[in-house]
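entry_34.tsv (TSV, C-alpha atoms) appears below.
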chain	number	residue	atom	x	y	z
A	199	MET	CA	0.12	-6.34	27.54
A	200	GLN	CA	3.51	-4.69	27.55
A	201	THR	CA	4.78	-3.65	30.95
A	202	LEU	CA	5.69	0.00	31.13
A	203	GLY	CA	9.04	0.44	32.81
A	204	PRO	CA	10.35	3.26	34.98
A	205	GLU	CA	11.04	5.31	31.87
A	206	SER	CA	7.30	5.63	31.25
A	207	LYS	CA	7.06	8.93	33.14
A	208	ASP	CA	9.85	10.38	30.98
A	209	LEU	CA	8.20	9.09	27.82
A	210	LYS	CA	4.89	10.67	28.81
A	211	ASN	CA	6.50	14.08	29.16
A	212	THR	CA	8.97	13.97	26.27
A	213	CYS	CA	8.10	16.30	23.43
A	214	PHE	CA	8.44	14.45	20.12
A	215	ASP	CA	8.72	16.46	16.96
A	216	LYS	CA	10.49	16.18	13.63
A	217	THR	CA	13.75	17.43	15.15
A	218	SER	CA	13.84	14.97	18.06
A	219	SER	CA	16.82	12.67	17.83
A	220	THR	CA	15.07	10.05	19.97
A	221	ASN	CA	12.37	9.38	17.39
A	222	ASN	CA	12.03	5.81	16.27
A	223	ASP	CA	8.87	3.82	15.76
A	224	LYS	CA	9.18	1.71	18.89
A	225	THR	CA	9.95	4.67	21.16
A	226	LEU	CA	7.03	6.57	19.69
A	227	LEU	CA	4.70	3.64	20.30
A	228	LYS	CA	5.89	3.28	23.89
A	229	ALA	CA	5.33	6.99	24.44
A	230	ILE	CA	1.83	6.75	22.91
A	231	ALA	CA	1.09	3.91	25.34
A	232	CYS	CA	2.11	6.33	28.14
A	233	GLY	CA	-0.42	8.88	26.87
A	234	ASN	CA	1.98	11.16	24.99
A	235	ASP	CA	0.05	13.13	22.34
A	236	SER	CA	3.14	14.56	20.66
A	237	ALA	CA	4.34	10.99	19.99
A	238	LEU	CA	1.01	10.22	18.34
A	239	ALA	CA	1.32	13.38	16.26
A	240	GLU	CA	4.83	12.39	15.17
A	241	LEU	CA	3.76	8.83	14.31
A	242	MET	CA	1.00	10.35	12.21
A	243	ASN	CA	3.55	12.55	10.45
A	244	LEU	CA	5.49	9.41	9.56
A	245	TYR	CA	2.63	7.17	8.47
A	246	LYS	CA	-0.54	9.08	7.60
A	247	GLY	CA	0.35	9.64	3.93
A	248	HIS	CA	1.53	6.07	3.42
A	249	LEU	CA	-1.55	4.57	5.04
A	250	PHE	CA	-3.90	6.86	3.13
A	251	ARG	CA	-2.28	5.99	-0.23
A	252	PHE	CA	-2.32	2.28	0.59
A	253	ALA	CA	-6.02	2.40	1.52
A	254	TYR	CA	-6.80	4.58	-1.49
A	255	ARG	CA	-5.10	2.22	-3.90
A	256	PHE	CA	-6.87	-0.71	-2.26
A	257	LEU	CA	-10.36	0.83	-2.03
A	258	GLY	CA	-10.40	3.38	-4.83
A	259	CYS	CA	-12.26	6.05	-2.87
A	260	PRO	CA	-10.50	8.94	-1.08
A	261	HIS	CA	-13.29	9.31	1.49
A	262	ASP	CA	-13.12	5.62	2.46
A	263	ALA	CA	-9.32	5.74	2.47
A	264	GLU	CA	-9.37	8.67	4.89
A	265	GLU	CA	-11.79	6.83	7.18
A	266	VAL	CA	-9.53	3.78	7.17
A	267	ALA	CA	-6.44	5.91	7.95
A	268	TRP	CA	-8.41	7.62	10.76
A	269	ASP	CA	-9.57	4.33	12.30
A	270	THR	CA	-6.04	2.92	12.01
A	271	PHE	CA	-4.60	5.70	14.17
A	272	ILE	CA	-7.42	5.36	16.70
A	273	VAL	CA	-6.67	1.61	17.00
A	274	VAL	CA	-2.91	2.31	17.24
A	275	TRP	CA	-3.56	4.87	19.99
A	276	GLN	CA	-5.90	2.56	21.91
A	277	HIS	CA	-3.70	-0.53	21.57
A	278	ALA	CA	-0.15	0.85	21.56
A	279	SER	CA	0.57	-1.00	24.78
A	280	ASP	CA	-0.44	-4.30	23.13
A	281	PHE	CA	2.45	-4.11	20.64
A	282	LYS	CA	4.66	-7.04	21.52
A	283	GLY	CA	7.75	-6.08	19.56
A	284	ASP	CA	7.92	-9.40	17.69
A	285	THR	CA	7.49	-7.56	14.39
A	286	SER	CA	8.33	-4.08	13.13
A	287	VAL	CA	6.02	-1.24	14.10
A	288	LYS	CA	5.60	-0.58	10.38
A	289	ALA	CA	4.28	-4.11	9.74
A	290	TRP	CA	2.02	-3.88	12.80
A	291	ILE	CA	0.48	-0.58	11.70
A	292	TYR	CA	0.07	-1.71	8.09
A	293	GLY	CA	-1.57	-4.90	9.39
A	294	ILE	CA	-4.17	-2.87	11.27
A	295	CYS	CA	-4.75	-0.64	8.23
A	296	ARG	CA	-5.01	-3.63	5.90
A	297	ASN	CA	-7.60	-5.38	8.11
A	298	LEU	CA	-9.66	-2.20	8.35
A	299	ALA	CA	-9.48	-1.70	4.57
A	300	ILE	CA	-10.65	-5.28	3.97
A	301	SER	CA	-13.56	-4.79	6.41
A	302	LYS	CA	-14.49	-1.56	4.67
A	303	ALA	CA	-14.38	-3.25	1.26
A	304	ARG	CA	-16.58	-6.09	2.51
A	305	ARG	CA	-19.13	-3.69	3.93
A	306	LYS	CA	-19.26	-1.71	0.72
A	307	ARG	CA	-19.05	-4.78	-1.49
A	308	LYS	CA	-18.56	-2.64	-4.56
A	309	TYR	CA	-15.62	-0.33	-4.91
A	310	VAL	CA	-16.25	3.17	-6.06
A	311	ILE	CA	-14.21	3.82	-9.16
A	312	ASN	CA	-13.73	7.49	-9.87
A	313	PRO	CA	-14.54	8.24	-13.50
A	314	VAL	CA	-11.83	10.85	-13.48
A	315	SER	CA	-9.03	9.17	-11.67
A	316	ASP	CA	-7.12	10.79	-8.84
A	317	THR	CA	-4.19	8.70	-9.96
A	318	ILE	CA	-2.16	10.06	-12.82
A	319	PHE	CA	1.20	9.66	-14.37
A	320	ASP	CA	3.48	12.18	-12.80
A	321	PRO	CA	3.96	14.77	-15.55
A	322	SER	CA	7.53	15.47	-16.47
A	323	PRO	CA	8.53	19.02	-17.49
A	324	GLY	CA	8.02	19.77	-21.15
A	325	THR	CA	5.41	17.07	-21.72
A	326	ASN	CA	2.90	18.23	-24.31
A	327	PRO	CA	-0.73	18.36	-23.08
A	328	GLU	CA	-2.08	15.88	-25.63
A	329	HIS	CA	0.54	13.33	-24.68
A	330	GLN	CA	-0.12	13.95	-20.99
A	331	ALA	CA	-3.88	13.46	-21.49
A	332	TRP	CA	-3.19	10.18	-23.25
A	333	LYS	CA	-0.93	9.03	-20.43
A	334	ASN	CA	-3.57	9.95	-17.87
A	335	TYR	CA	-6.14	7.97	-19.82
A	336	ARG	CA	-3.81	4.97	-19.82
A	337	ALA	CA	-3.28	5.46	-16.07
A	338	ASP	CA	-7.07	5.35	-15.58
A	339	ILE	CA	-7.22	2.01	-17.36
A	340	LEU	CA	-4.42	0.65	-15.21
A	341	VAL	CA	-6.07	1.86	-11.99
A	342	VAL	CA	-9.37	0.24	-12.95
A	343	CYS	CA	-7.54	-3.02	-13.72
A	344	ILE	CA	-5.63	-2.96	-10.40
A	345	ARG	CA	-8.97	-2.62	-8.60
A	346	GLN	CA	-10.26	-5.68	-10.42
A	347	LEU	CA	-7.50	-7.88	-8.99
A	348	PRO	CA	-8.50	-10.30	-6.24
A	349	PRO	CA	-7.87	-8.64	-2.83
A	350	ALA	CA	-4.92	-10.88	-1.84
A	351	ALA	CA	-3.11	-10.20	-5.12
A	352	ARG	CA	-4.00	-6.51	-5.04
A	353	GLU	CA	-2.64	-5.96	-1.54
A	354	ALA	CA	0.59	-7.83	-2.37
A	355	LEU	CA	1.14	-5.61	-5.41
A	356	ILE	CA	0.35	-2.37	-3.58
A	357	LEU	CA	2.39	-3.19	-0.47
A	358	LYS	CA	5.45	-4.31	-2.42
A	359	HIS	CA	5.47	-2.06	-5.41
A	360	TYR	CA	4.04	1.18	-4.04
A	361	GLN	CA	4.49	1.07	-0.28
A	362	GLY	CA	7.95	-0.46	-0.48
A	363	LEU	CA	7.48	-3.09	2.22
A	364	THR	CA	9.84	-6.06	2.29
A	365	TYR	CA	8.53	-9.57	1.64
A	366	GLU	CA	8.95	-10.34	5.34
A	367	GLU	CA	6.94	-7.27	6.33
A	368	ILE	CA	4.17	-8.12	3.86
A	369	ALA	CA	4.09	-11.68	5.18
A	370	ARG	CA	3.58	-10.24	8.68
A	371	VAL	CA	0.91	-7.81	7.50
A	372	CYS	CA	-1.01	-10.45	5.56
A	373	ASN	CA	-0.32	-13.27	8.01
A	374	CYS	CA	1.01	-15.68	5.40
A	375	PRO	CA	4.39	-17.18	4.41
A	376	VAL	CA	6.89	-15.20	2.32
A	377	GLY	CA	6.52	-17.73	-0.52
A	378	THR	CA	2.80	-17.02	-0.67
A	379	VAL	CA	3.48	-13.27	-0.91
A	380	ARG	CA	5.76	-13.87	-3.91
A	381	SER	CA	3.20	-16.15	-5.57
A	382	ARG	CA	0.49	-13.55	-5.06
A	383	LEU	CA	2.68	-10.81	-6.48
A	384	ASN	CA	3.52	-12.90	-9.54
A	385	TYR	CA	-0.17	-13.73	-10.00
A	386	ALA	CA	-1.10	-10.06	-9.65
A	387	MET	CA	1.21	-9.17	-12.55
A	388	VAL	CA	0.01	-11.99	-14.79
A	389	ARG	CA	-3.64	-11.18	-14.09
A	390	LEU	CA	-3.05	-7.45	-14.50
A	391	ALA	CA	-1.43	-7.94	-17.92
A	392	LYS	CA	-4.47	-9.96	-19.04
A	393	LEU	CA	-6.93	-7.38	-17.71
A	394	VAL	CA	-5.09	-4.52	-19.42
A	395	ALA	CA	-4.89	-6.46	-22.70
A	396	ALA	CA	-8.62	-7.26	-22.54
A	397	MET	CA	-9.48	-3.62	-21.82
A	398	ASP	CA	-7.22	-2.42	-24.65
A	399	ALA	CA	-8.94	-4.87	-26.99
A	400	ASP	CA	-12.40	-3.67	-25.88
A	401	ASN	CA	-11.36	-0.07	-26.49
A	402	CYS	CA	-9.50	-0.90	-29.71
A	403	LEU	CA	-6.32	0.55	-28.23
A	404	GLY	CA	-2.91	-0.41	-29.43
A	405	GLU	CA	0.47	0.58	-28.11
A	406	ASP	CA	1.21	3.41	-25.74
A	407	GLU	CA	1.17	6.43	-28.06
A	408	PRO	CA	-1.95	7.94	-29.69
B	958	MET	CA	12.03	-28.85	-21.40
B	959	LYS	CA	8.46	-28.83	-20.09
B	960	ALA	CA	9.68	-28.59	-16.48
B	961	GLU	CA	12.02	-25.74	-17.41
B	962	HIS	CA	9.17	-23.95	-19.19
B	963	ASN	CA	6.86	-24.30	-16.20
B	964	ALA	CA	9.57	-23.11	-13.79
B	965	ALA	CA	10.34	-20.02	-15.92
B	966	LYS	CA	6.66	-19.24	-16.57
B	967	ARG	CA	5.97	-19.20	-12.83
B	968	LEU	CA	8.54	-16.41	-12.43
B	969	LEU	CA	7.72	-14.10	-15.33
B	970	GLY	CA	5.60	-11.63	-13.35
B	971	LEU	CA	8.27	-11.21	-10.69
B	972	TYR	CA	10.95	-10.96	-13.40
B	973	ALA	CA	9.10	-8.07	-15.03
B	974	LEU	CA	9.04	-6.26	-11.68
B	975	GLY	CA	12.74	-6.96	-11.08
B	976	GLU	CA	11.89	-9.01	-8.01
B	977	LEU	CA	13.87	-12.20	-8.67
B	978	THR	CA	17.11	-13.41	-7.14
B	979	PRO	CA	20.03	-13.53	-9.65
B	980	GLU	CA	19.68	-17.34	-9.84
B	981	GLU	CA	15.96	-17.14	-10.58
B	982	ALA	CA	16.50	-14.37	-13.14
B	983	LYS	CA	19.11	-16.52	-14.88
B	984	LEU	CA	16.62	-19.38	-15.12
B	985	VAL	CA	14.17	-17.06	-16.91
B	986	GLU	CA	16.85	-15.56	-19.17
B	987	ASN	CA	18.10	-19.00	-20.21
B	988	HIS	CA	14.62	-20.11	-21.19
B	989	VAL	CA	12.80	-17.13	-22.70
B	990	PRO	CA	14.92	-16.66	-25.90
B	991	TYR	CA	13.89	-20.15	-26.99
B	992	CYS	CA	10.20	-19.97	-26.05
B	993	PRO	CA	7.86	-17.80	-28.16
B	994	SER	CA	5.01	-18.26	-25.68
B	995	CYS	CA	7.04	-16.95	-22.73
B	996	GLN	CA	8.47	-14.15	-24.92
B	997	GLY	CA	4.96	-12.90	-25.72
B	998	GLU	CA	3.83	-13.10	-22.11
B	999	LEU	CA	6.96	-11.37	-20.83
B	1000	ARG	CA	6.55	-8.55	-23.38
B	1001	GLU	CA	3.07	-7.80	-22.00
B	1002	LEU	CA	4.24	-8.07	-18.41
B	1003	VAL	CA	7.12	-5.66	-18.99
B	1004	ARG	CA	4.72	-3.17	-20.60
B	1005	VAL	CA	2.48	-3.30	-17.55
B	1006	ALA	CA	5.43	-3.10	-15.13
B	1007	ARG	CA	6.66	0.07	-16.90
B	1008	LYS	CA	3.23	1.63	-16.56
B	1009	LEU	CA	3.08	0.78	-12.87
B	1010	HIS	CA	6.24	2.77	-12.27
B	1011	GLY	CA	4.94	6.25	-13.08
B	1012	LEU	CA	1.62	5.94	-11.30
B	1013	GLU	CA	1.15	8.59	-8.62
B	1014	VAL	CA	-1.78	9.10	-6.26
B	1015	GLN	CA	-3.01	12.70	-6.50
B	1016	ALA	CA	-5.78	12.36	-3.91
B	1017	GLN	CA	-4.74	13.67	-0.50
B	1018	LEU	CA	-5.86	13.50	3.09
B	1019	SER	CA	-7.91	16.45	4.32
B	1020	GLN	CA	-5.57	19.20	5.50
B	1021	ASP	CA	-7.05	19.18	9.00
B	1022	PHE	CA	-6.96	15.37	9.32
B	1023	GLN	CA	-4.25	15.30	11.96
B	1024	GLU	CA	-5.65	18.18	13.98
B	1025	ARG	CA	-9.15	16.66	14.03
B	1026	LEU	CA	-7.83	13.27	15.04
B	1027	LEU	CA	-5.69	14.68	17.86
B	1028	ASN	CA	-8.67	16.71	19.11
B	1029	LYS	CA	-10.79	13.55	19.08
B	1030	VAL	CA	-8.13	11.67	21.06
B	1031	ARG	CA	-7.88	14.50	23.62
B	1032	LYS	CA	-11.67	14.54	24.03
B	1033	ILE	CA	-11.73	10.80	24.68
B	1034	GLN	CA	-8.86	11.20	27.18
B	1035	GLN	CA	-10.67	14.01	28.99
B	1036	LYS	CA	-13.87	12.00	29.12
B	1037	SER	CA	-12.12	8.96	30.53
B	1038	HIS	CA	-10.47	11.14	33.20
B	1039	GLN	CA	-13.85	12.66	34.13
B	1040	ASP	CA	-15.71	9.31	34.18
B	1041	PRO	CA	-13.19	6.73	35.43
B	1042	LYS	CA	-14.71	3.25	35.46
Would you mind writing the file's structure down as structure tokens?
Amino acid sequence: MQTLGPESKDLKNTCFDKTSSTNNDKTLLKAIACGNDSALAELMNLYKGHLFRFAYRFLGCPHDAEEVAWDTFIVVWQHASDFKGDTSVKAWIYGICRNLAISKARRKRKYVINPVSDTIFDPSPGTNPEHQAWKNYRADILVVCIRQLPPAAREALILKHYQGLTYEEIARVCNCPVGTVRSRLNYAMVRLAKLVAAMDADNCLGEDEP
Amino acid sequence: MKAEHNAAKRLLGLYALGELTPEEAKLVENHVPYCPSCQGELRELVRVARKLHGLEVQAQLSQDFQERLLNKVRKIQQKSHQDPK
């Protein structure tokens, strides 16, 4: 348990918002441990979208992803004073979220795969609708294939490629060596290419354009 | 040759994502032009890596997510102040 120093009274009463110059993850966490709600609100501003997208990509269901993001913040709030500072706050929070997402996946056993995906290729201006529909269809295939990856490979791919964590941060989140993270990421790509090729073959699809 | 092939093959997925060190990337680039098997695999991996790049999540958190969560936290705080153990 982290000892709260004499500054704890100040931290409890400090108002944290987007304009505060004192905002950094560790200060926010210390303030949360002192019972500061505005610090929790600001930490949520920083992380809620990232955690939701991570959980969504991992679980494939927006409702489950929201529950995981919710539970993550409750755990962070309840255990802010347990943060030891031996890792980044980001890695600590993602670690909590990742463990909750894995528990959720185990309880559900089967992932819900939305028939109409909530994940699409970001449309660029001037894209014709037919081409956009085709790209969205291809995105659906890719999303389904990502969800078929083994959990360890899937989380490595999502955390590195989409959430932008460093190898060191992912190693902390997943509690494994950096070399293992790289191996899992490489495996994720190799497996993903095979899954996409198999699905293309099943659907008699060729290259990218219709 | 076999050892070089195995070493390069182990790195192809990371190469397609642009995640190799310059030394590792050089190892792949020195091998692939002479290996049809690695060329084919790398072509597929690069295709998939390109597709991964444009993928955006459209689903969003409920608009009142933060407000509900903060209300929940305040309720728990109030309860713990009323019923201290």
Show me, as an MDAnalysis selection string, every residue of chain A with an atom at most 9 Å from chain B, counting only C-alpha atoms. chainID A and resid 233 235 238:239 242:243 246:247 250:251 254:255 260:261 263:264 268 271:272 275 315:321 336:337 340:341 359:360 380:381 383:388 390:392 394:395
Go ahead and save the picked residues with C-alpha atoms, as a PDB file, in the coordinates of the input.
ATOM      1  CA  GLY A 233      -0.420   8.880  26.870  1.00  0.00           C
ATOM      2  CA  ASP A 235       0.050  13.130  22.340  1.00  0.00           C
ATOM      3  CA  LEU A 238       1.010  10.220  18.340  1.00  0.00           C
ATOM      4  CA  ALA A 239       1.320  13.380  16.260  1.00  0.00           C
ATOM      5  CA  MET A 242       1.000  10.350  12.210  1.00  0.00           C
ATOM      6  CA  ASN A 243       3.550  12.550  10.450  1.00  0.00           C
ATOM      7  CA  LYS A 246      -0.540   9.080   7.600  1.00  0.00           C
ATOM      8  CA  GLY A 247       0.350   9.640   3.930  1.00  0.00           C
ATOM      9  CA  PHE A 250      -3.900   6.860   3.130  1.00  0.00           C
ATOM     10  CA  ARG A 251      -2.280   5.990  -0.230  1.00  0.00           C
ATOM     11  CA  TYR A 254      -6.800   4.580  -1.490  1.00  0.00           C
ATOM     12  CA  ARG A 255      -5.100   2.220  -3.900  1.00  0.00           C
ATOM     13  CA  PRO A 260     -10.500   8.940  -1.080  1.00  0.00           C
ATOM     14  CA  HIS A 261     -13.290   9.310   1.490  1.00  0.00           C
ATOM     15  CA  ALA A 263      -9.320   5.740   2.470  1.00  0.00           C
ATOM     16  CA  GLU A 264      -9.370   8.670   4.890  1.00  0.00           C
ATOM     17  CA  TRP A 268      -8.410   7.620  10.760  1.00  0.00           C
ATOM     18  CA  PHE A 271      -4.600   5.700  14.170  1.00  0.00           C
ATOM     19  CA  ILE A 272      -7.420   5.360  16.700  1.00  0.00           C
ATOM     20  CA  TRP A 275      -3.560   4.870  19.990  1.00  0.00           C
ATOM     21  CA  SER A 315      -9.030   9.170 -11.670  1.00  0.00           C
ATOM     22  CA  ASP A 316      -7.120  10.790  -8.840  1.00  0.00           C
ATOM     23  CA  THR A 317      -4.190   8.700  -9.960  1.00  0.00           C
ATOM     24  CA  ILE A 318      -2.160  10.060 -12.820  1.00  0.00           C
ATOM     25  CA  PHE A 319       1.200   9.660 -14.370  1.00  0.00           C
ATOM     26  CA  ASP A 320       3.480  12.180 -12.800  1.00  0.00           C
ATOM     27  CA  PRO A 321       3.960  14.770 -15.550  1.00  0.00           C
ATOM     28  CA  ARG A 336      -3.810   4.970 -19.820  1.00  0.00           C
ATOM     29  CA  ALA A 337      -3.280   5.460 -16.070  1.00  0.00           C
ATOM     30  CA  LEU A 340      -4.420   0.650 -15.210  1.00  0.00           C
ATOM     31  CA  VAL A 341      -6.070   1.860 -11.990  1.00  0.00           C
ATOM     32  CA  HIS A 359       5.470  -2.060  -5.410  1.00  0.00           C
ATOM     33  CA  TYR A 360       4.040   1.180  -4.040  1.00  0.00           C
ATOM     34  CA  ARG A 380       5.760 -13.870  -3.910  1.00  0.00           C
ATOM     35  CA  SER A 381       3.200 -16.150  -5.570  1.00  0.00           C
ATOM     36  CA  LEU A 383       2.680 -10.810  -6.480  1.00  0.00           C
ATOM     37  CA  ASN A 384       3.520 -12.900  -9.540  1.00  0.00           C
ATOM     38  CA  TYR A 385      -0.170 -13.730 -10.000  1.00  0.00           C
ATOM     39  CA  ALA A 386      -1.100 -10.060  -9.650  1.00  0.00           C
ATOM     40  CA  MET A 387       1.210  -9.170 -12.550  1.00  0.00           C
ATOM     41  CA  VAL A 388       0.010 -11.990 -14.790  1.00  0.00           C
ATOM     42  CA  LEU A 390      -3.050  -7.450 -14.500  1.00  0.00           C
ATOM     43  CA  ALA A 391      -1.430  -7.940 -17.920  1.00  0.00           C
ATOM     44  CA  LYS A 392      -4.470  -9.960 -19.040  1.00  0.00           C
ATOM     45  CA  VAL A 394      -5.090  -4.520 -19.420  1.00  0.00           C
ATOM     46  CA  ALA A 395      -4.890  -6.460 -22.700  1.00  0.00           C
TER      47      ALA A 395
END
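Taking CA of His248 (chain A) as the reference point, CA of Thr978 (chain B) is found at 27.1 Å.
Candidate residues A:Arg352, A:Lys306, A:Lys224, A:Lys210 were compared for distance to Cys372 (chain A), and the nearest is A:Arg352, using all atoms listed in the file.
Taking CA of Asn297 (chain A) and CA of Leu209 (chain A) as the two end points, the separation is 29.1 Å.
Those residues that approach Glu961 (chain B) to within 9 Å, counting only C-alpha atoms, are Met958, Ala964, Ala965, Lys966, Leu984, Val985 and His988 of chain B; same-chain residues fewer than 3 positions away are not listed.
Across the structure, CA of Ala396 (chain A) and CA of Ile356 (chain A) are spaced 21.5 Å apart.
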Quick one: residues within 12 Å of Arg305 (chain A), all atoms listed in the file counted, chain neighbours fewer than 5 positions away excluded, as a ChimeraX atom specification? /A:257,262,298-300
